file start.pdb (PDB, C-alpha atoms)
ATOM      1  CA  GLY A   1      82.285 228.232 131.892  1.00  0.00           C
ATOM      2  CA  ASP A   2      78.713 229.438 131.742  1.00  0.00           C
ATOM      3  CA  SER A   3      77.976 233.067 132.534  1.00  0.00           C
ATOM      4  CA  VAL A   4      75.058 235.487 132.615  1.00  0.00           C
ATOM      5  CA  THR A   5      75.398 239.226 132.090  1.00  0.00           C
ATOM      6  CA  GLN A   6      72.587 241.409 133.255  1.00  0.00           C
ATOM      7  CA  MET A   7      71.757 245.044 132.731  1.00  0.00           C
ATOM      8  CA  GLU A   8      73.115 247.040 135.607  1.00  0.00           C
ATOM      9  CA  GLY A   9      70.717 248.838 137.831  1.00  0.00           C
ATOM     10  CA  PRO A  10      69.153 250.358 139.638  1.00  0.00           C
ATOM     11  CA  VAL A  11      66.275 251.081 137.298  1.00  0.00           C
ATOM     12  CA  THR A  12      63.635 253.608 138.297  1.00  0.00           C
ATOM     13  CA  LEU A  13      60.427 253.955 136.308  1.00  0.00           C
ATOM     14  CA  SER A  14      57.102 255.664 136.666  1.00  0.00           C
ATOM     15  CA  GLU A  15      53.980 253.551 136.958  1.00  0.00           C
ATOM     16  CA  GLU A  16      52.665 252.330 133.572  1.00  0.00           C
ATOM     17  CA  ALA A  17      56.042 252.783 131.903  1.00  0.00           C
ATOM     18  CA  PHE A  18      57.543 250.115 129.643  1.00  0.00           C
ATOM     19  CA  LEU A  19      60.219 247.913 131.195  1.00  0.00           C
ATOM     20  CA  THR A  20      63.155 246.164 129.580  1.00  0.00           C
ATOM     21  CA  ILE A  21      65.896 244.438 131.557  1.00  0.00           C
ATOM     22  CA  ASN A  22      68.622 243.067 129.328  1.00  0.00           C
ATOM     23  CA  CYS A  23      70.170 239.649 129.864  1.00  0.00           C
ATOM     24  CA  THR A  24      72.759 237.887 127.729  1.00  0.00           C
ATOM     25  CA  TYR A  25      74.430 234.576 128.358  1.00  0.00           C
ATOM     26  CA  THR A  26      77.406 232.446 127.450  1.00  0.00           C
ATOM     27  CA  ALA A  27      76.968 228.696 127.525  1.00  0.00           C
ATOM     28  CA  THR A  28      77.790 225.558 125.636  1.00  0.00           C
ATOM     29  CA  GLY A  29      75.024 223.379 124.326  1.00  0.00           C
ATOM     30  CA  TYR A  30      71.384 224.221 124.859  1.00  0.00           C
ATOM     31  CA  PRO A  31      70.740 225.811 128.241  1.00  0.00           C
ATOM     32  CA  SER A  32      67.425 226.680 129.856  1.00  0.00           C
ATOM     33  CA  LEU A  33      66.883 230.293 130.836  1.00  0.00           C
ATOM     34  CA  PHE A  34      64.992 231.734 133.777  1.00  0.00           C
ATOM     35  CA  TRP A  35      63.931 234.978 135.360  1.00  0.00           C
ATOM     36  CA  TYR A  36      63.527 235.052 139.124  1.00  0.00           C
ATOM     37  CA  VAL A  37      62.147 237.915 141.202  1.00  0.00           C
ATOM     38  CA  GLN A  38      63.038 238.813 144.782  1.00  0.00           C
ATOM     39  CA  TYR A  39      60.602 241.129 146.531  1.00  0.00           C
ATOM     40  CA  PRO A  40      61.891 243.102 149.520  1.00  0.00           C
ATOM     41  CA  GLY A  41      62.581 240.854 152.474  1.00  0.00           C
ATOM     42  CA  GLU A  42      61.685 237.669 150.629  1.00  0.00           C
ATOM     43  CA  GLY A  43      63.353 234.737 148.890  1.00  0.00           C
ATOM     44  CA  LEU A  44      63.442 234.102 145.155  1.00  0.00           C
ATOM     45  CA  GLN A  45      60.351 233.303 143.139  1.00  0.00           C
ATOM     46  CA  LEU A  46      60.369 231.889 139.651  1.00  0.00           C
ATOM     47  CA  LEU A  47      58.889 234.479 137.305  1.00  0.00           C
ATOM     48  CA  LEU A  48      59.183 232.743 133.950  1.00  0.00           C
ATOM     49  CA  LYS A  49      61.334 230.340 131.978  1.00  0.00           C
ATOM     50  CA  ALA A  50      62.186 229.124 128.473  1.00  0.00           C
ATOM     51  CA  THR A  51      63.851 225.855 127.599  1.00  0.00           C
ATOM     52  CA  LYS A  52      64.633 226.154 123.899  1.00  0.00           C
ATOM     53  CA  ALA A  53      65.334 228.698 121.219  1.00  0.00           C
ATOM     54  CA  ASP A  54      62.429 230.985 120.253  1.00  0.00           C
ATOM     55  CA  ASP A  55      60.407 229.927 123.297  1.00  0.00           C
ATOM     56  CA  LYS A  56      58.627 232.800 125.004  1.00  0.00           C
ATOM     57  CA  GLY A  57      58.117 232.636 128.728  1.00  0.00           C
ATOM     58  CA  SER A  58      55.397 234.792 130.251  1.00  0.00           C
ATOM     59  CA  ASN A  59      53.847 235.424 133.639  1.00  0.00           C
ATOM     60  CA  LYS A  60      52.127 238.328 135.408  1.00  0.00           C
ATOM     61  CA  GLY A  61      52.444 240.511 132.295  1.00  0.00           C
ATOM     62  CA  PHE A  62      56.187 239.872 132.003  1.00  0.00           C
ATOM     63  CA  GLU A  63      57.634 238.251 128.899  1.00  0.00           C
ATOM     64  CA  ALA A  64      61.035 237.059 127.723  1.00  0.00           C
ATOM     65  CA  THR A  65      62.027 235.328 124.485  1.00  0.00           C
ATOM     66  CA  TYR A  66      64.939 232.905 124.224  1.00  0.00           C
ATOM     67  CA  ARG A  67      67.079 234.223 121.337  1.00  0.00           C
ATOM     68  CA  LYS A  68      69.848 231.823 120.501  1.00  0.00           C
ATOM     69  CA  GLU A  69      71.211 233.951 117.661  1.00  0.00           C
ATOM     70  CA  THR A  70      71.859 236.848 120.024  1.00  0.00           C
ATOM     71  CA  THR A  71      72.289 234.692 123.173  1.00  0.00           C
ATOM     72  CA  SER A  72      69.758 236.883 124.946  1.00  0.00           C
ATOM     73  CA  PHE A  73      66.721 236.573 127.213  1.00  0.00           C
ATOM     74  CA  HIS A  74      65.554 240.124 127.830  1.00  0.00           C
ATOM     75  CA  LEU A  75      62.716 240.697 130.283  1.00  0.00           C
ATOM     76  CA  GLU A  76      59.901 243.023 129.237  1.00  0.00           C
ATOM     77  CA  LYS A  77      56.651 244.347 130.622  1.00  0.00           C
ATOM     78  CA  GLY A  78      54.387 246.768 128.861  1.00  0.00           C
ATOM     79  CA  SER A  79      53.089 248.643 131.909  1.00  0.00           C
ATOM     80  CA  VAL A  80      54.800 248.333 135.269  1.00  0.00           C
ATOM     81  CA  GLN A  81      53.112 248.770 138.617  1.00  0.00           C
ATOM     82  CA  VAL A  82      54.430 249.893 141.978  1.00  0.00           C
ATOM     83  CA  SER A  83      54.055 246.300 143.154  1.00  0.00           C
ATOM     84  CA  ASP A  84      56.647 245.212 140.562  1.00  0.00           C
ATOM     85  CA  SER A  85      59.375 246.923 142.576  1.00  0.00           C
ATOM     86  CA  ALA A  86      61.858 244.144 143.303  1.00  0.00           C
ATOM     87  CA  VAL A  87      65.209 242.702 142.286  1.00  0.00           C
ATOM     88  CA  TYR A  88      65.146 240.661 139.085  1.00  0.00           C
ATOM     89  CA  PHE A  89      67.666 237.899 138.394  1.00  0.00           C
ATOM     90  CA  CYS A  90      68.371 236.259 135.072  1.00  0.00           C
ATOM     91  CA  ALA A  91      69.651 232.697 135.427  1.00  0.00           C
ATOM     92  CA  LEU A  92      70.835 229.796 133.299  1.00  0.00           C
ATOM     93  CA  SER A  93      70.686 226.047 133.723  1.00  0.00           C
ATOM     94  CA  PRO A  94      73.178 224.127 131.599  1.00  0.00           C
ATOM     95  CA  ILE A  95      70.638 221.720 130.132  1.00  0.00           C
ATOM     96  CA  SER A  96      67.299 222.090 128.419  1.00  0.00           C
ATOM     97  CA  SER A  97      65.553 219.076 129.882  1.00  0.00           C
ATOM     98  CA  GLY A  98      65.944 216.228 132.287  1.00  0.00           C
ATOM     99  CA  SER A  99      67.137 216.547 135.852  1.00  0.00           C
ATOM    100  CA  ALA A 100      67.574 219.897 137.495  1.00  0.00           C
ATOM    101  CA  ARG A 101      71.050 221.378 137.688  1.00  0.00           C
ATOM    102  CA  GLN A 102      72.537 224.239 139.628  1.00  0.00           C
ATOM    103  CA  LEU A 103      71.888 227.694 138.233  1.00  0.00           C
ATOM    104  CA  THR A 104      74.272 230.411 137.143  1.00  0.00           C
ATOM    105  CA  PHE A 105      72.897 233.832 138.070  1.00  0.00           C
ATOM    106  CA  GLY A 106      73.313 237.311 136.715  1.00  0.00           C
ATOM    107  CA  SER A 107      74.119 240.159 139.060  1.00  0.00           C
ATOM    108  CA  GLY A 108      70.498 241.179 139.570  1.00  0.00           C
ATOM    109  CA  THR A 109      68.695 244.391 138.605  1.00  0.00           C
ATOM    110  CA  GLN A 110      66.935 246.490 141.216  1.00  0.00           C
ATOM    111  CA  LEU A 111      63.678 247.923 139.840  1.00  0.00           C
ATOM    112  CA  THR A 112      61.831 250.719 141.604  1.00  0.00           C
ATOM    113  CA  VAL A 113      58.466 251.842 140.257  1.00  0.00           C
ATOM    114  CA  LEU A 114      57.217 255.223 141.415  1.00  0.00           C
ATOM    115  CA  PRO A 115      53.517 256.083 141.644  1.00  0.00           C
TER     116      PRO A 115
ATOM    117  CA  SER B   1      54.707 225.255 143.534  1.00  0.00           C
ATOM    118  CA  ALA B   2      56.173 222.990 146.211  1.00  0.00           C
ATOM    119  CA  VAL B   3      56.413 224.189 149.774  1.00  0.00           C
ATOM    120  CA  ILE B   4      60.032 224.694 150.780  1.00  0.00           C
ATOM    121  CA  SER B   5      60.419 225.657 154.433  1.00  0.00           C
ATOM    122  CA  GLN B   6      63.563 227.065 155.917  1.00  0.00           C
ATOM    123  CA  LYS B   7      64.357 227.564 159.592  1.00  0.00           C
ATOM    124  CA  PRO B   8      65.341 229.909 161.043  1.00  0.00           C
ATOM    125  CA  SER B   9      64.005 232.643 158.817  1.00  0.00           C
ATOM    126  CA  ARG B  10      66.175 235.225 160.565  1.00  0.00           C
ATOM    127  CA  ASP B  11      68.779 235.198 163.290  1.00  0.00           C
ATOM    128  CA  ILE B  12      71.388 237.370 164.894  1.00  0.00           C
ATOM    129  CA  CYS B  13      74.445 235.349 165.820  1.00  0.00           C
ATOM    130  CA  GLN B  14      77.512 235.970 167.905  1.00  0.00           C
ATOM    131  CA  ARG B  15      80.927 235.898 166.304  1.00  0.00           C
ATOM    132  CA  GLY B  16      82.592 232.491 166.698  1.00  0.00           C
ATOM    133  CA  THR B  17      79.396 230.506 167.076  1.00  0.00           C
ATOM    134  CA  SER B  18      77.808 228.081 164.616  1.00  0.00           C
ATOM    135  CA  LEU B  19      74.273 227.955 163.319  1.00  0.00           C
ATOM    136  CA  THR B  20      72.411 225.170 161.531  1.00  0.00           C
ATOM    137  CA  ILE B  21      69.793 226.034 158.930  1.00  0.00           C
ATOM    138  CA  GLN B  22      67.146 223.477 158.078  1.00  0.00           C
ATOM    139  CA  CYS B  23      65.384 223.010 154.751  1.00  0.00           C
ATOM    140  CA  GLN B  24      62.269 220.863 154.506  1.00  0.00           C
ATOM    141  CA  VAL B  25      60.401 220.124 151.275  1.00  0.00           C
ATOM    142  CA  ASP B  26      56.859 218.790 151.203  1.00  0.00           C
ATOM    143  CA  SER B  27      57.692 216.239 148.493  1.00  0.00           C
ATOM    144  CA  GLN B  28      60.692 214.189 147.443  1.00  0.00           C
ATOM    145  CA  VAL B  29      63.224 215.931 145.237  1.00  0.00           C
ATOM    146  CA  THR B  30      66.307 214.704 143.456  1.00  0.00           C
ATOM    147  CA  MET B  31      68.363 217.839 143.767  1.00  0.00           C
ATOM    148  CA  MET B  32      68.936 220.157 146.703  1.00  0.00           C
ATOM    149  CA  PHE B  33      71.317 223.090 146.612  1.00  0.00           C
ATOM    150  CA  TRP B  34      72.491 225.719 149.049  1.00  0.00           C
ATOM    151  CA  TYR B  35      73.187 229.278 147.881  1.00  0.00           C
ATOM    152  CA  ARG B  36      74.532 232.340 149.628  1.00  0.00           C
ATOM    153  CA  GLN B  37      73.454 235.888 148.852  1.00  0.00           C
ATOM    154  CA  GLN B  38      75.650 238.518 150.449  1.00  0.00           C
ATOM    155  CA  PRO B  39      74.112 241.972 151.023  1.00  0.00           C
ATOM    156  CA  GLY B  40      73.253 243.636 147.729  1.00  0.00           C
ATOM    157  CA  GLN B  41      74.827 240.816 145.741  1.00  0.00           C
ATOM    158  CA  SER B  42      73.727 238.004 143.489  1.00  0.00           C
ATOM    159  CA  LEU B  43      73.501 234.348 144.465  1.00  0.00           C
ATOM    160  CA  THR B  44      76.535 232.125 144.769  1.00  0.00           C
ATOM    161  CA  LEU B  45      76.261 228.350 144.901  1.00  0.00           C
ATOM    162  CA  ILE B  46      77.802 226.895 148.050  1.00  0.00           C
ATOM    163  CA  ALA B  47      77.215 223.204 147.403  1.00  0.00           C
ATOM    164  CA  THR B  48      74.975 220.492 146.096  1.00  0.00           C
ATOM    165  CA  ALA B  49      73.515 218.414 148.914  1.00  0.00           C
ATOM    166  CA  ASN B  50      73.710 214.727 147.982  1.00  0.00           C
ATOM    167  CA  GLN B  51      71.362 212.281 149.621  1.00  0.00           C
ATOM    168  CA  GLY B  52      73.257 209.763 151.700  1.00  0.00           C
ATOM    169  CA  SER B  53      76.720 211.020 150.785  1.00  0.00           C
ATOM    170  CA  GLU B  54      79.008 214.006 151.169  1.00  0.00           C
ATOM    171  CA  ALA B  55      77.966 217.273 149.589  1.00  0.00           C
ATOM    172  CA  THR B  56      79.695 218.593 146.481  1.00  0.00           C
ATOM    173  CA  TYR B  57      81.243 221.964 147.243  1.00  0.00           C
ATOM    174  CA  GLU B  58      81.960 224.802 144.842  1.00  0.00           C
ATOM    175  CA  SER B  59      85.296 226.514 144.630  1.00  0.00           C
ATOM    176  CA  GLY B  60      85.863 228.712 147.652  1.00  0.00           C
ATOM    177  CA  PHE B  61      83.585 226.738 149.989  1.00  0.00           C
ATOM    178  CA  VAL B  62      84.783 223.926 152.249  1.00  0.00           C
ATOM    179  CA  ILE B  63      83.107 221.292 154.350  1.00  0.00           C
ATOM    180  CA  ASP B  64      84.710 222.431 157.603  1.00  0.00           C
ATOM    181  CA  LYS B  65      83.110 225.857 157.258  1.00  0.00           C
ATOM    182  CA  PHE B  66      79.796 224.786 155.715  1.00  0.00           C
ATOM    183  CA  PRO B  67      78.988 221.195 156.703  1.00  0.00           C
ATOM    184  CA  ILE B  68      75.876 219.917 154.958  1.00  0.00           C
ATOM    185  CA  SER B  69      73.680 216.944 155.670  1.00  0.00           C
ATOM    186  CA  ARG B  70      71.005 215.354 153.543  1.00  0.00           C
ATOM    187  CA  PRO B  71      69.619 212.248 155.217  1.00  0.00           C
ATOM    188  CA  ASN B  72      66.680 211.787 152.826  1.00  0.00           C
ATOM    189  CA  LEU B  73      64.978 213.208 149.732  1.00  0.00           C
ATOM    190  CA  THR B  74      62.994 215.886 151.569  1.00  0.00           C
ATOM    191  CA  PHE B  75      65.392 217.386 154.114  1.00  0.00           C
ATOM    192  CA  SER B  76      68.786 219.034 154.296  1.00  0.00           C
ATOM    193  CA  THR B  77      70.757 221.144 156.738  1.00  0.00           C
ATOM    194  CA  LEU B  78      73.521 223.691 156.251  1.00  0.00           C
ATOM    195  CA  THR B  79      75.715 224.691 159.163  1.00  0.00           C
ATOM    196  CA  VAL B  80      77.661 227.922 159.108  1.00  0.00           C
ATOM    197  CA  SER B  81      80.593 227.294 161.433  1.00  0.00           C
ATOM    198  CA  ASN B  82      82.714 229.663 163.483  1.00  0.00           C
ATOM    199  CA  MET B  83      80.862 232.647 162.116  1.00  0.00           C
ATOM    200  CA  SER B  84      82.378 236.044 161.426  1.00  0.00           C
ATOM    201  CA  PRO B  85      80.665 239.245 160.287  1.00  0.00           C
ATOM    202  CA  GLU B  86      81.632 238.356 156.714  1.00  0.00           C
ATOM    203  CA  ASP B  87      79.191 235.443 156.943  1.00  0.00           C
ATOM    204  CA  SER B  88      76.257 237.832 157.302  1.00  0.00           C
ATOM    205  CA  SER B  89      74.140 236.813 154.316  1.00  0.00           C
ATOM    206  CA  ILE B  90      70.949 235.262 153.164  1.00  0.00           C
ATOM    207  CA  TYR B  91      71.301 231.501 152.855  1.00  0.00           C
ATOM    208  CA  LEU B  92      68.871 229.929 150.420  1.00  0.00           C
ATOM    209  CA  CYS B  93      67.854 226.342 149.996  1.00  0.00           C
ATOM    210  CA  SER B  94      66.780 225.394 146.493  1.00  0.00           C
ATOM    211  CA  VAL B  95      65.320 222.208 145.067  1.00  0.00           C
ATOM    212  CA  GLY B  96      64.544 220.572 141.768  1.00  0.00           C
ATOM    213  CA  GLY B  97      63.964 217.264 140.054  1.00  0.00           C
ATOM    214  CA  GLY B  98      60.887 216.255 141.976  1.00  0.00           C
ATOM    215  CA  THR B  99      57.454 215.217 140.868  1.00  0.00           C
ATOM    216  CA  GLY B 100      54.383 217.214 139.984  1.00  0.00           C
ATOM    217  CA  GLN B 101      54.934 220.926 140.249  1.00  0.00           C
ATOM    218  CA  ILE B 102      58.677 220.650 140.786  1.00  0.00           C
ATOM    219  CA  SER B 103      59.462 218.199 138.016  1.00  0.00           C
ATOM    220  CA  GLY B 104      61.819 218.956 135.163  1.00  0.00           C
ATOM    221  CA  ASN B 105      64.812 221.201 135.351  1.00  0.00           C
ATOM    222  CA  THR B 106      63.274 224.197 137.123  1.00  0.00           C
ATOM    223  CA  ILE B 107      64.809 225.142 140.453  1.00  0.00           C
ATOM    224  CA  TYR B 108      62.611 226.483 143.261  1.00  0.00           C
ATOM    225  CA  PHE B 109      63.783 228.422 146.287  1.00  0.00           C
ATOM    226  CA  GLY B 110      62.894 228.623 149.918  1.00  0.00           C
ATOM    227  CA  GLU B 111      62.276 231.964 151.586  1.00  0.00           C
ATOM    228  CA  GLY B 112      65.850 232.133 152.797  1.00  0.00           C
ATOM    229  CA  SER B 113      67.521 232.404 156.189  1.00  0.00           C
ATOM    230  CA  TRP B 114      68.731 235.933 156.913  1.00  0.00           C
ATOM    231  CA  LEU B 115      71.763 235.767 159.188  1.00  0.00           C
ATOM    232  CA  THR B 116      73.474 238.711 160.821  1.00  0.00           C
ATOM    233  CA  VAL B 117      76.737 238.053 162.655  1.00  0.00           C
ATOM    234  CA  VAL B 118      77.734 240.576 165.312  1.00  0.00           C
TER     235      VAL B 118
END
call {"tool": "encode", "arguments": {"input": "start.pdb", "output": "structure tokens"}}
result
Amino acid sequence: GDSVTQMEGPVTLSEEAFLTINCTYTATGYPSLFWYVQYPGEGLQLLLKATKADDKGSNKGFEATYRKETTSFHLEKGSVQVSDSAVYFCALSPISSGSARQLTFGSGTQLTVLP
Amino acid sequence: SAVISQKPSRDICQRGTSLTIQCQVDSQVTMMFWYRQQPGQSLTLIATANQGSEATYESGFVIDKFPISRPNLTFSTLTVSNMSPEDSSIYLCSVGGGTGQISGNTIYFGEGSWLTVV
């Protein structure tokens, strides 16, 4: 079945540091890939997505590129802020288009940014 | 994005009781799902809520413990029955397959219902 493997946390960075959170996946066909963020005490928010190979999703300074050859979707940000402290989830949907399907989630990575 | 409202947002429940969580979307959606997030863990799919028919449950989840209703395309409920401390979790409603901002295959989440069983 489909699976998502995420970089284990927690990750602690200083403000303005570069962030990478690794995510790799196993799936048949052509899945869509997502990053969700969960701020303390809140639900999940969609951060960015990519639906086909070589697509780059971006939002709020975060970026991730769908790499089919390495089955990866690593999350990056050039300069993190204290307000980026949250749990980040990589997720996969088994199809690239059409109706929504249930997601398969990675284990989540806790990010703490220190001032 | 669409407004997805969950009630209650938080509750403390007595062991052995049942609690029903409501999920209301401000537009019609094709798909509604219920997830559980145990403390410090990732999300696990409980079931897909099917409009007008029985929900489709994932392995390890059963209707007697987690009955689900979905009477229309904007509303669903999840009941957590005969609760034990192990049921202390965040329960999240998620939706997809609507129109406008929630079209396509992206799934959006409510704010979650944070349940503590004592």
call {"tool": "atom_distance", "arguments": {"input": "start.pdb", "atom1": "CA of Thr51 in chain A", "atom2": "CA of Pro31 in chain A"}}
result
6.9 Å
call {"tool": "resolve_selection", "arguments": {"input": "start.pdb", "expression": "the ChimeraX specification (/B :<9) & /A", "output": "ChimeraX atom specification"}}
result
/A:32,34,41-46,49,89,93,95-108
call {"tool": "closest_residue", "arguments": {"input": "start.pdb", "among": "A:Tyr66, A:Phe18, A:Tyr88, A:Tyr25", "to": "Ala50 in chain A", "atoms": "all atoms listed in the file"}}
result
A:Tyr66
call {"tool": "resolve_selection", "arguments": {"input": "start.pdb", "expression": "the PyMOL selection byres ((chain B and resi 53-56) around 9)", "output": "number ranges by chain"}}
result
B: 46-52, 57-58, 63, 67-71
call {"tool": "resolve_selection", "arguments": {"input": "start.pdb", "expression": "the PyMOL selection byres ((chain B and resi 85-88) around 6)", "output": "list in words"}}
result
Ser84, Ser89, Leu115, Thr116, Val117 and Val118 of chain B
call {"tool": "atom_distance", "arguments": {"input": "start.pdb", "atom1": "CA of Lys52 in chain A", "atom2": "CA of Met7 in chain A"}}
result
22.0 Å
call {"tool": "atom_distance", "arguments": {"input": "start.pdb", "atom1": "CA of Tyr30 in chain A", "atom2": "CA of Lys56 in chain A"}}
result
15.4 Å
call {"tool": "residues_around", "arguments": {"input": "start.pdb", "residues": "Val80 in chain B", "least_positions_apart": "4", "cutoff": "8 Å", "atoms": "only C-alpha atoms", "output": "JSON, numbers by chain"}}
result
{"B": [18, 19, 20, 65, 66, 67, 87]}
call {"tool": "closest_residue", "arguments": {"input": "start.pdb", "among": "A:Ser85, A:Thr109, A:Thr5, A:Thr70", "to": "Pro40 in chain A", "atoms": "all atoms listed in the file"}}
result
A:Ser85
call {"tool": "residues_around", "arguments": {"input": "start.pdb", "residues": "Glu15 in chain A", "least_positions_apart": "3", "cutoff": "10 Å", "atoms": "all atoms listed in the file", "output": "NGL selection string"}}
result
:A and (12 or 18 or 79-84 or 112-115)
call {"tool": "axis_aligned_box", "arguments": {"input": "start.pdb", "around": "range 52-55 of chain A", "padding_each_side": "5 Å", "output": "AutoDock Vina command-line options"}}
result
--center_x 62.9 --center_y 228.6 --center_z 122.1 --size_x 14.9 --size_y 14.8 --size_z 13.6
call {"tool": "residues_around", "arguments": {"input": "start.pdb", "residues": "Ser72 in chain A", "least_positions_apart": "5", "cutoff": "9 Å", "atoms": "all atoms listed in the file", "output": "ChimeraX atom specification"}}
result
/A:22-25,65-67
call {"tool": "residues_around", "arguments": {"input": "start.pdb", "residues": "Gln110 in chain A", "least_positions_apart": "3", "cutoff": "7 Å", "atoms": "only C-alpha atoms", "output": "PDB file with C-alpha atoms, in the frame of the given file"}}
result
ATOM      1  CA  GLY A   9      70.717 248.838 137.831  1.00  0.00           C
ATOM      2  CA  PRO A  10      69.153 250.358 139.638  1.00  0.00           C
ATOM      3  CA  VAL A  11      66.275 251.081 137.298  1.00  0.00           C
ATOM      4  CA  ALA A  86      61.858 244.144 143.303  1.00  0.00           C
ATOM      5  CA  VAL A  87      65.209 242.702 142.286  1.00  0.00           C
ATOM      6  CA  TYR A  88      65.146 240.661 139.085  1.00  0.00           C
TER       7      TYR A  88
END
call {"tool": "build_atoms", "arguments": {"input": "start.pdb", "residues": "range 38-59 of chain A", "atoms": "N, CA and C atoms", "output": "PDB file, keeping the file's coordinate frame"}}
result
ATOM      1  N   GLN A  38      62.882 238.785 143.322  1.00  0.00           N
ATOM      2  CA  GLN A  38      63.038 238.813 144.782  1.00  0.00           C
ATOM      3  C   GLN A  38      62.413 240.100 145.299  1.00  0.00           C
ATOM      4  N   TYR A  39      61.256 239.973 145.929  1.00  0.00           N
ATOM      5  CA  TYR A  39      60.602 241.129 146.531  1.00  0.00           C
ATOM      6  C   TYR A  39      61.293 241.472 147.851  1.00  0.00           C
ATOM      7  N   PRO A  40      61.184 242.686 148.303  1.00  0.00           N
ATOM      8  CA  PRO A  40      61.891 243.102 149.520  1.00  0.00           C
ATOM      9  C   PRO A  40      61.623 242.168 150.686  1.00  0.00           C
ATOM     10  N   GLY A  41      62.694 241.692 151.292  1.00  0.00           N
ATOM     11  CA  GLY A  41      62.581 240.854 152.474  1.00  0.00           C
ATOM     12  C   GLY A  41      62.142 239.425 152.206  1.00  0.00           C
ATOM     13  N   GLU A  42      62.146 239.012 150.959  1.00  0.00           N
ATOM     14  CA  GLU A  42      61.685 237.669 150.629  1.00  0.00           C
ATOM     15  C   GLU A  42      62.753 236.873 149.886  1.00  0.00           C
ATOM     16  N   GLY A  43      62.470 235.591 149.682  1.00  0.00           N
ATOM     17  CA  GLY A  43      63.353 234.737 148.890  1.00  0.00           C
ATOM     18  C   GLY A  43      63.084 234.924 147.411  1.00  0.00           C
ATOM     19  N   LEU A  44      63.603 234.014 146.601  1.00  0.00           N
ATOM     20  CA  LEU A  44      63.442 234.102 145.155  1.00  0.00           C
ATOM     21  C   LEU A  44      62.212 233.351 144.682  1.00  0.00           C
ATOM     22  N   GLN A  45      61.497 233.961 143.763  1.00  0.00           N
ATOM     23  CA  GLN A  45      60.351 233.303 143.139  1.00  0.00           C
ATOM     24  C   GLN A  45      60.616 233.181 141.649  1.00  0.00           C
ATOM     25  N   LEU A  46      60.261 232.045 141.092  1.00  0.00           N
ATOM     26  CA  LEU A  46      60.369 231.889 139.651  1.00  0.00           C
ATOM     27  C   LEU A  46      59.342 232.786 138.979  1.00  0.00           C
ATOM     28  N   LEU A  47      59.793 233.595 138.034  1.00  0.00           N
ATOM     29  CA  LEU A  47      58.889 234.479 137.305  1.00  0.00           C
ATOM     30  C   LEU A  47      58.484 233.840 135.979  1.00  0.00           C
ATOM     31  N   LEU A  48      59.470 233.402 135.206  1.00  0.00           N
ATOM     32  CA  LEU A  48      59.183 232.743 133.950  1.00  0.00           C
ATOM     33  C   LEU A  48      60.420 231.991 133.481  1.00  0.00           C
ATOM     34  N   LYS A  49      60.214 231.126 132.478  1.00  0.00           N
ATOM     35  CA  LYS A  49      61.334 230.340 131.978  1.00  0.00           C
ATOM     36  C   LYS A  49      61.126 230.018 130.503  1.00  0.00           C
ATOM     37  N   ALA A  50      62.224 229.607 129.861  1.00  0.00           N
ATOM     38  CA  ALA A  50      62.186 229.124 128.473  1.00  0.00           C
ATOM     39  C   ALA A  50      63.256 228.055 128.322  1.00  0.00           C
ATOM     40  N   THR A  51      62.926 226.978 127.659  1.00  0.00           N
ATOM     41  CA  THR A  51      63.851 225.855 127.599  1.00  0.00           C
ATOM     42  C   THR A  51      64.480 225.630 126.236  1.00  0.00           C
ATOM     43  N   LYS A  52      64.000 226.315 125.204  1.00  0.00           N
ATOM     44  CA  LYS A  52      64.633 226.154 123.899  1.00  0.00           C
ATOM     45  C   LYS A  52      64.499 227.432 123.091  1.00  0.00           C
ATOM     46  N   ALA A  53      65.286 227.506 122.048  1.00  0.00           N
ATOM     47  CA  ALA A  53      65.334 228.698 121.219  1.00  0.00           C
ATOM     48  C   ALA A  53      63.946 229.073 120.696  1.00  0.00           C
ATOM     49  N   ASP A  54      63.676 230.373 120.725  1.00  0.00           N
ATOM     50  CA  ASP A  54      62.429 230.985 120.253  1.00  0.00           C
ATOM     51  C   ASP A  54      61.252 230.771 121.187  1.00  0.00           C
ATOM     52  N   ASP A  55      61.444 230.035 122.271  1.00  0.00           N
ATOM     53  CA  ASP A  55      60.407 229.927 123.297  1.00  0.00           C
ATOM     54  C   ASP A  55      60.184 231.293 123.929  1.00  0.00           C
ATOM     55  N   LYS A  56      58.945 231.585 124.248  1.00  0.00           N
ATOM     56  CA  LYS A  56      58.627 232.800 125.004  1.00  0.00           C
ATOM     57  C   LYS A  56      58.040 232.385 126.336  1.00  0.00           C
ATOM     58  N   GLY A  57      58.679 232.827 127.401  1.00  0.00           N
ATOM     59  CA  GLY A  57      58.117 232.636 128.728  1.00  0.00           C
ATOM     60  C   GLY A  57      57.301 233.857 129.106  1.00  0.00           C
ATOM     61  N   SER A  58      56.213 233.649 129.837  1.00  0.00           N
ATOM     62  CA  SER A  58      55.397 234.792 130.251  1.00  0.00           C
ATOM     63  C   SER A  58      54.712 234.491 131.572  1.00  0.00           C
ATOM     64  N   ASN A  59      54.508 235.555 132.342  1.00  0.00           N
ATOM     65  CA  ASN A  59      53.847 235.424 133.639  1.00  0.00           C
ATOM     66  C   ASN A  59      53.615 236.814 134.206  1.00  0.00           C
TER      67      ASN A  59
END
